[in-house]
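This is start-v2.tsv (TSV, C-alpha atoms).
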chain	number	residue	atom	x	y	z
A	264	MET	CA	33.46	-24.35	-45.29
A	265	ALA	CA	34.39	-27.41	-43.22
A	266	THR	CA	33.26	-30.73	-44.67
A	267	LEU	CA	31.52	-33.49	-42.76
A	268	ALA	CA	34.68	-35.59	-43.04
A	269	GLU	CA	36.76	-32.81	-41.48
A	270	LEU	CA	34.27	-32.26	-38.68
A	271	LEU	CA	34.21	-35.99	-37.93
A	272	VAL	CA	38.00	-35.95	-37.56
A	273	ASP	CA	37.80	-32.92	-35.24
A	274	VAL	CA	35.07	-34.46	-33.08
A	275	ARG	CA	36.95	-37.75	-32.81
A	276	THR	CA	40.05	-35.81	-31.78
A	277	GLU	CA	38.09	-34.13	-28.97
A	278	LEU	CA	36.63	-37.48	-27.91
A	279	ALA	CA	40.13	-39.07	-28.02
A	280	GLU	CA	38.78	-41.83	-30.27
A	281	PRO	CA	40.41	-41.44	-33.72
A	282	VAL	CA	38.67	-44.47	-35.22
A	283	ALA	CA	35.21	-45.93	-34.57
A	284	GLY	CA	34.96	-47.65	-31.22
A	285	TYR	CA	32.39	-46.51	-28.66
A	286	TRP	CA	30.92	-44.08	-31.21
A	287	THR	CA	30.17	-44.99	-34.81
A	288	ASP	CA	30.61	-42.48	-37.61
A	289	ALA	CA	26.84	-42.57	-38.12
A	290	GLN	CA	26.26	-41.58	-34.47
A	291	LEU	CA	28.75	-38.75	-34.65
A	292	THR	CA	27.30	-37.54	-37.95
A	293	GLY	CA	23.94	-37.27	-36.20
A	294	TYR	CA	25.53	-35.31	-33.35
A	295	ILE	CA	27.30	-32.98	-35.80
A	296	ASN	CA	24.12	-32.27	-37.74
A	297	ARG	CA	22.19	-31.63	-34.54
A	298	ALA	CA	24.90	-29.30	-33.27
A	299	ALA	CA	24.91	-27.35	-36.56
A	300	VAL	CA	21.13	-26.96	-36.43
A	301	ASP	CA	21.23	-25.85	-32.80
A	302	PHE	CA	24.03	-23.37	-33.52
A	303	SER	CA	22.05	-21.80	-36.37
A	304	VAL	CA	18.93	-21.55	-34.19
A	305	ASP	CA	20.78	-20.28	-31.12
A	306	THR	CA	22.60	-17.55	-33.05
A	307	GLY	CA	20.66	-16.65	-36.22
A	308	ILE	CA	23.99	-16.72	-38.05
A	309	LEU	CA	22.61	-18.07	-41.36
A	310	GLN	CA	20.89	-15.31	-43.31
A	311	ALA	CA	18.72	-16.80	-46.05
A	312	PRO	CA	18.26	-15.17	-49.48
A	313	PRO	CA	15.10	-13.07	-49.67
A	314	MET	CA	11.91	-14.93	-50.55
A	315	GLN	CA	9.19	-13.39	-52.69
A	316	ALA	CA	5.51	-14.26	-52.66
A	317	ASN	CA	2.35	-13.02	-54.30
A	318	VAL	CA	0.05	-10.91	-52.16
A	319	VAL	CA	-3.52	-12.17	-52.35
A	320	ALA	CA	-6.37	-9.70	-51.96
A	321	ASP	CA	-8.35	-10.22	-48.72
A	322	GLN	CA	-5.82	-12.77	-47.43
A	323	ALA	CA	-3.98	-11.91	-44.22
A	324	GLY	CA	-1.93	-15.07	-43.67
A	325	TYR	CA	0.98	-16.59	-45.62
A	326	ILE	CA	2.73	-19.85	-44.72
A	327	LEU	CA	6.42	-19.30	-43.99
A	328	PRO	CA	8.99	-21.09	-46.21
A	329	ASP	CA	10.17	-24.51	-45.02
A	330	GLU	CA	13.67	-23.08	-44.50
A	331	CYS	CA	12.33	-20.54	-41.98
A	332	PRO	CA	12.12	-22.06	-38.47
A	333	GLY	CA	9.36	-19.68	-37.35
A	334	PRO	CA	8.34	-16.05	-36.87
A	335	GLN	CA	11.24	-15.56	-34.47
A	336	ALA	CA	13.59	-15.98	-37.46
A	337	ILE	CA	12.06	-13.14	-39.48
A	338	VAL	CA	14.43	-10.21	-39.97
A	339	ARG	CA	12.57	-7.93	-42.39
A	340	VAL	CA	9.21	-7.94	-44.21
A	341	TYR	CA	8.39	-5.70	-47.19
A	342	HIS	CA	5.03	-5.09	-48.85
A	343	ASN	CA	5.21	-3.46	-52.27
A	344	GLY	CA	8.71	-2.20	-51.41
A	345	ASN	CA	7.73	-0.71	-48.04
A	346	GLU	CA	9.09	-2.21	-44.83
A	347	LEU	CA	6.44	-3.41	-42.40
A	348	THR	CA	6.66	-2.95	-38.63
A	349	PRO	CA	6.48	-6.07	-36.43
A	350	THR	CA	3.63	-6.19	-33.93
A	351	THR	CA	1.38	-8.60	-32.02
A	352	VAL	CA	-2.34	-9.27	-31.94
A	353	GLY	CA	-2.41	-7.89	-28.40
A	354	ALA	CA	-0.72	-4.65	-29.43
A	355	LEU	CA	-3.15	-4.20	-32.32
A	356	ALA	CA	-6.17	-4.91	-30.14
A	357	SER	CA	-4.95	-2.47	-27.48
A	358	ARG	CA	-5.26	0.37	-29.96
A	359	GLY	CA	-8.70	-0.69	-31.16
A	360	ALA	CA	-7.64	-2.49	-34.31
A	361	LYS	CA	-9.40	-5.62	-35.55
A	362	PRO	CA	-6.76	-7.82	-37.23
A	363	HIS	CA	-9.40	-10.28	-38.41
A	364	GLU	CA	-11.41	-7.76	-40.42
A	365	ASP	CA	-9.57	-4.43	-40.98
A	366	THR	CA	-8.50	-4.04	-44.62
A	367	GLY	CA	-6.22	-1.59	-46.40
A	368	THR	CA	-2.52	-1.30	-47.22
A	369	PRO	CA	-0.47	-3.47	-44.83
A	370	LYS	CA	1.69	-1.56	-42.36
A	371	ASN	CA	2.45	-4.31	-39.81
A	372	TRP	CA	3.25	-7.99	-39.64
A	373	TYR	CA	2.98	-10.60	-36.87
A	374	GLY	CA	3.35	-14.36	-36.59
A	375	VAL	CA	0.90	-17.11	-35.73
A	376	THR	CA	0.85	-20.91	-35.83
A	377	HIS	CA	-2.17	-22.46	-37.53
A	378	GLY	CA	-2.81	-26.04	-38.58
A	379	GLY	CA	0.76	-26.98	-37.76
A	380	ASN	CA	2.12	-24.22	-40.00
A	381	ASN	CA	4.05	-21.10	-39.03
A	382	CYS	CA	2.38	-18.17	-40.74
A	383	LEU	CA	3.17	-14.54	-41.47
A	384	MET	CA	0.15	-12.28	-40.95
A	385	LEU	CA	-0.32	-8.85	-42.52
A	386	TYR	CA	-2.20	-5.95	-40.96
A	387	PRO	CA	-4.35	-4.45	-42.29
A	388	ILE	CA	-5.50	-7.32	-44.53
A	389	PRO	CA	-4.38	-6.35	-48.05
A	390	GLU	CA	-7.09	-5.02	-50.32
A	391	GLN	CA	-5.14	-5.51	-53.54
A	392	ALA	CA	-3.32	-8.46	-55.07
A	393	LEU	CA	0.35	-7.93	-55.96
A	394	VAL	CA	2.60	-10.24	-57.96
A	395	ASN	CA	5.76	-10.85	-55.87
A	396	GLY	CA	4.59	-7.98	-53.69
A	397	LEU	CA	5.72	-9.64	-50.45
A	398	VAL	CA	9.45	-9.94	-49.69
A	399	LEU	CA	10.69	-11.78	-46.63
A	400	TRP	CA	14.17	-11.82	-45.09
A	401	PHE	CA	14.88	-14.43	-42.42
A	402	TRP	CA	17.58	-16.61	-40.93
A	403	LYS	CA	17.46	-20.34	-41.55
A	404	VAL	CA	18.59	-23.58	-39.93
A	405	ALA	CA	21.66	-25.44	-41.13
A	406	ALA	CA	21.05	-28.21	-43.64
A	407	ASP	CA	22.00	-31.77	-42.71
A	408	MET	CA	25.18	-33.31	-44.10
A	409	ALA	CA	25.31	-36.92	-45.28
A	410	ALA	CA	28.26	-37.45	-47.64
A	411	PRO	CA	31.84	-36.92	-46.39
A	412	ALA	CA	32.34	-34.04	-48.87
A	413	ASP	CA	29.16	-32.22	-47.80
A	414	GLU	CA	30.02	-28.79	-46.40
A	415	CYS	CA	28.71	-27.38	-43.14
A	416	GLU	CA	26.78	-24.15	-43.60
A	417	ILE	CA	28.07	-22.69	-40.34
A	418	PRO	CA	30.95	-20.31	-41.24
A	419	ASP	CA	34.44	-21.67	-40.57
A	420	GLU	CA	35.03	-19.01	-37.92
A	421	TYR	CA	32.35	-20.63	-35.77
A	422	SER	CA	32.74	-24.29	-36.81
A	423	PRO	CA	34.41	-25.05	-33.44
A	424	GLY	CA	30.97	-24.46	-31.96
A	425	VAL	CA	29.63	-27.34	-34.05
A	426	VAL	CA	32.54	-29.55	-32.98
A	427	TYR	CA	32.02	-28.69	-29.32
A	428	GLY	CA	28.26	-29.24	-29.55
A	429	ALA	CA	28.72	-32.64	-31.17
A	430	THR	CA	31.44	-33.63	-28.68
A	431	MET	CA	29.14	-32.64	-25.81
A	432	ARG	CA	26.49	-35.01	-27.16
A	433	GLY	CA	29.03	-37.78	-27.45
A	434	PHE	CA	30.00	-37.43	-23.80
A	435	ILE	CA	26.34	-37.21	-22.76
A	436	ALA	CA	25.71	-40.50	-24.56
A	437	LYS	CA	28.61	-42.04	-22.64
A	438	LYS	CA	27.29	-40.50	-19.40
A	439	GLU	CA	30.50	-38.55	-18.83
A	440	VAL	CA	28.72	-35.59	-17.28
A	441	GLU	CA	31.77	-33.54	-16.30
A	442	GLN	CA	33.28	-33.66	-19.78
A	443	ALA	CA	29.91	-32.89	-21.35
A	444	GLY	CA	29.66	-29.81	-19.13
A	445	VAL	CA	33.06	-28.55	-20.26
A	446	TYR	CA	32.10	-28.82	-23.92
A	447	ARG	CA	28.71	-27.26	-23.28
A	448	GLY	CA	30.51	-24.23	-21.90
A	449	TRP	CA	32.81	-24.03	-24.91
A	450	TYR	CA	29.82	-24.37	-27.25
A	451	GLN	CA	28.07	-21.53	-25.46
A	452	GLU	CA	31.17	-19.31	-25.78
A	453	GLN	CA	31.19	-19.83	-29.55
A	454	ALA	CA	27.45	-19.21	-29.76
A	455	ALA	CA	27.83	-15.98	-27.77
A	456	LYS	CA	30.49	-14.73	-30.20
A	457	ALA	CA	28.27	-15.50	-33.18
A	458	LYS	CA	25.24	-13.83	-31.57
A	459	ALA	CA	27.32	-10.75	-30.85
A	460	TRP	CA	28.32	-10.57	-34.52
A	461	VAL	CA	24.72	-10.97	-35.69
A	462	ARG	CA	23.59	-8.29	-33.23
A	463	ALA	CA	26.33	-5.89	-34.37
A	464	ALA	CA	25.49	-6.46	-38.03
A	465	PHE	CA	21.80	-5.83	-37.35
A	466	THR	CA	22.54	-2.64	-35.41
A	467	ALA	CA	24.82	-1.39	-38.18
A	468	GLY	CA	22.07	-2.03	-40.71
A	469	VAL	CA	19.53	-0.10	-38.66
A	470	ARG	CA	21.93	2.84	-38.24
A	471	ASP	CA	22.65	2.86	-41.96
A	472	GLY	CA	18.92	2.85	-42.70
A	473	ASP	CA	18.35	5.71	-40.27
A	474	ALA	CA	21.19	7.71	-41.87
A	475	ARG	CA	19.73	7.17	-45.31
A	476	SER	CA	16.31	8.32	-44.07
A	477	ARG	CA	17.80	11.49	-42.58
A	478	ARG	CA	19.64	12.28	-45.79
A	479	GLY	CA	16.48	11.69	-47.79
A	480	SER	CA	14.46	14.02	-45.56
A	481	GLY	CA	17.07	16.78	-45.77
A	482	LEU	CA	18.06	16.53	-42.11

Is it possible to express this structure as C-alpha cells?
Amino acid sequence: MATLAELLVDVRTELAEPVAGYWTDAQLTGYINRAAVDFSVDTGILQAPPMQANVVADQAGYILPDECPGPQAIVRVYHNGNELTPTTVGALASRGAKPHEDTGTPKNWYGVTHGGNNCLMLYPIPEQALVNGLVLWFWKVAADMAAPADECEIPDEYSPGVVYGATMRGFIAKKEVEQAGVYRGWYQEQAAKAKAWVRAAFTAGVRDGDARSRRGSGL
C-alpha cells in the first residue's frame, strides 16, 4: 500500500510544487485523507471484516459499528446463520406488517437513523436472545493517515484516484478552476473503475450463491 509520504510526493508532482510553498504538507495531508475517505465512500472498495453482535430478545434496533458509514454500506446481514433480506418500513407496511410490534424470527433488515446513530433494524423483532447471533458485512471508510509511514487503505491499483482527488482540492484552494476540473474528471475515472470492480465482485458472489443453492436443492 502507498504510504502518506509517497502520496505527498505524488500530489506535489501533480501540483508542480516539489517542496512546500503555496501548499504546506499539513494542508496536502488533509486533502489526501479527505480524498481517500471520499474514494472509499464513492466506490465501496474497502470491505470490512464481519462484525458479530448479540441478539437481544424483543429488541429490533442495533447501532452500526463506528467503521460503518451507514445503512447504505451494508453488504450482508445474517441472523443465526441465515441471510436476511433488505427491505424498508414502507415495503413492510404495504404488506400489512407492523415493524414496531411484530415478533418472531427475523427475516428482513432495514436501516434507520435515531438519536444521531445509524441503526440496523430487524424484522420481525427477535423473540429469542442469541450470543453472537447477528453477523454484519459492510464496507468502511478509509482511515486517516498522520505519520509519513502510515499506509493508505485504498488498494495501490486505485491510489491514483486518491492523488487526483487531493490534487483537485489543492487547485480548488488556489482557485485554479480549470485544473481542478481536469483532476476531478481523472478522479471520477478511477472511481468508476473501482465501482465496476466492486459491482462485478458482488455479482459473482450472488451467482455463486445461487449455484450453491441449486446444487443443494438437487436442481

### Task
With a distance cut-off of 9 Å and all atoms listed in the file, select the neighbouring residues of Ala298 of chain A, excluding the residue or stretch itself and same-chain residues fewer than 2 positions from it, and output the selection as a PyMOL selection string.
chain A and resi 293-296+300-303+424-429+432

Counting only C-alpha atoms, which residues of segment 372-421 of chain A fall within 6 Å of segment 325-337 of chain A, and what is the closest atom pair for each with its distance in Å at one decimal, ordered by chain and rising number, as a Markdown table?
| residue | atom | partner | partner_atom | distance |
| --- | --- | --- | --- | --- |
| A:Gly374 | CA | A:Pro334 | CA | 5.3 |
| A:Asn381 | CA | A:Gly333 | CA | 5.7 |
| A:Cys382 | CA | A:Ile326 | CA | 4.3 |
| A:Leu383 | CA | A:Tyr325 | CA | 5.1 |
| A:Phe401 | CA | A:Ile337 | CA | 4.3 |
| A:Trp402 | CA | A:Ala336 | CA | 5.3 |
| A:Lys403 | CA | A:Cys331 | CA | 5.2 |

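Interatomic distance, atom CA of Glu414 of chain A to atom CA of Ala265 of chain A: 5.6 Å.
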
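Separating atom CA of Val338 of chain A from atom CA of Gln310 of chain A is a distance of 8.9 Å.
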
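Picture a line from atom CA of Asp419 of chain A to atom CA of Pro281 of chain A; it runs 21.8 Å.
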
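Nearest residue to Val394 of chain A among A:Val282, A:Val318, A:Ala410, A:Val352 is A:Val318, counting all atoms listed in the file.
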
### Message
Nearest residue to Leu278 of chain A out of A:Leu291, A:Ala320, A:Pro349, A:Pro362, using all atoms listed in the file?
### Response
A:Leu291

### Query
What would the list of residues within 6 Å of (6.3, -15.0, -55.9) (file frame) look like as a VMD selection string, if all atoms listed in the file are what count?
chain A and resid 315 to 317 395

Next, write the just-selected residues to a file, as a short mmCIF file (atom, residue, chain, number, x, y, z; two decimals), keeping the file's coordinate frame, keeping C-alpha atoms as the atom set.
data_model
loop_
_atom_site.label_atom_id
_atom_site.label_comp_id
_atom_site.auth_asym_id
_atom_site.auth_seq_id
_atom_site.Cartn_x
_atom_site.Cartn_y
_atom_site.Cartn_z
CA GLN A 315 9.19 -13.39 -52.69
CA ALA A 316 5.51 -14.26 -52.66
CA ASN A 317 2.35 -13.02 -54.30
CA ASN A 395 5.76 -10.85 -55.87
#

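Here the selection is built from all atoms listed in the file, and the residues within 8 Å of (1.2, -1.4, -44.0) turn out to be His342, Asn345, Glu346, Leu347, Thr348, Gly367, Thr368, Pro369, Lys370, Asn371, Leu385, Tyr386 and Pro387 of chain A.
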
### Contacts of Gln290 of chain A within 12 Å, only C-alpha atoms, excl. fewer than 4 positions in-chain, as a PyMOL selection string
chain A and resi 271+274-275+283-286+294-297+409+429-430+432-433+436

Take the residues from that selection and put them in a file with C-alpha atoms, as a short mmCIF file (atom, residue, chain, number, x, y, z; two decimals), keeping the file's coordinate frame.
data_model
loop_
_atom_site.label_atom_id
_atom_site.label_comp_id
_atom_site.auth_asym_id
_atom_site.auth_seq_id
_atom_site.Cartn_x
_atom_site.Cartn_y
_atom_site.Cartn_z
CA LEU A 271 34.21 -35.99 -37.93
CA VAL A 274 35.07 -34.46 -33.08
CA ARG A 275 36.95 -37.75 -32.81
CA ALA A 283 35.21 -45.93 -34.57
CA GLY A 284 34.96 -47.65 -31.22
CA TYR A 285 32.39 -46.51 -28.66
CA TRP A 286 30.92 -44.08 -31.21
CA TYR A 294 25.53 -35.31 -33.35
CA ILE A 295 27.30 -32.98 -35.80
CA ASN A 296 24.12 -32.27 -37.74
CA ARG A 297 22.19 -31.63 -34.54
CA ALA A 409 25.31 -36.92 -45.28
CA ALA A 429 28.72 -32.64 -31.17
CA THR A 430 31.44 -33.63 -28.68
CA ARG A 432 26.49 -35.01 -27.16
CA GLY A 433 29.03 -37.78 -27.45
CA ALA A 436 25.71 -40.50 -24.56
#

### Query
Looking at all atoms listed in the file, which of A:Thr376, A:Thr287, A:Gln442, A:Thr292 is the one that sits closest to Glu269 of chain A?
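So, comparing all the options, the nearest one is A:Thr292.
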
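Among A:Pro423, A:Gly324, A:Gly344, A:Gly378, the residue with the shortest atom-to-atom distance to His363 of chain A, counting all atoms listed in the file, is A:Gly324.
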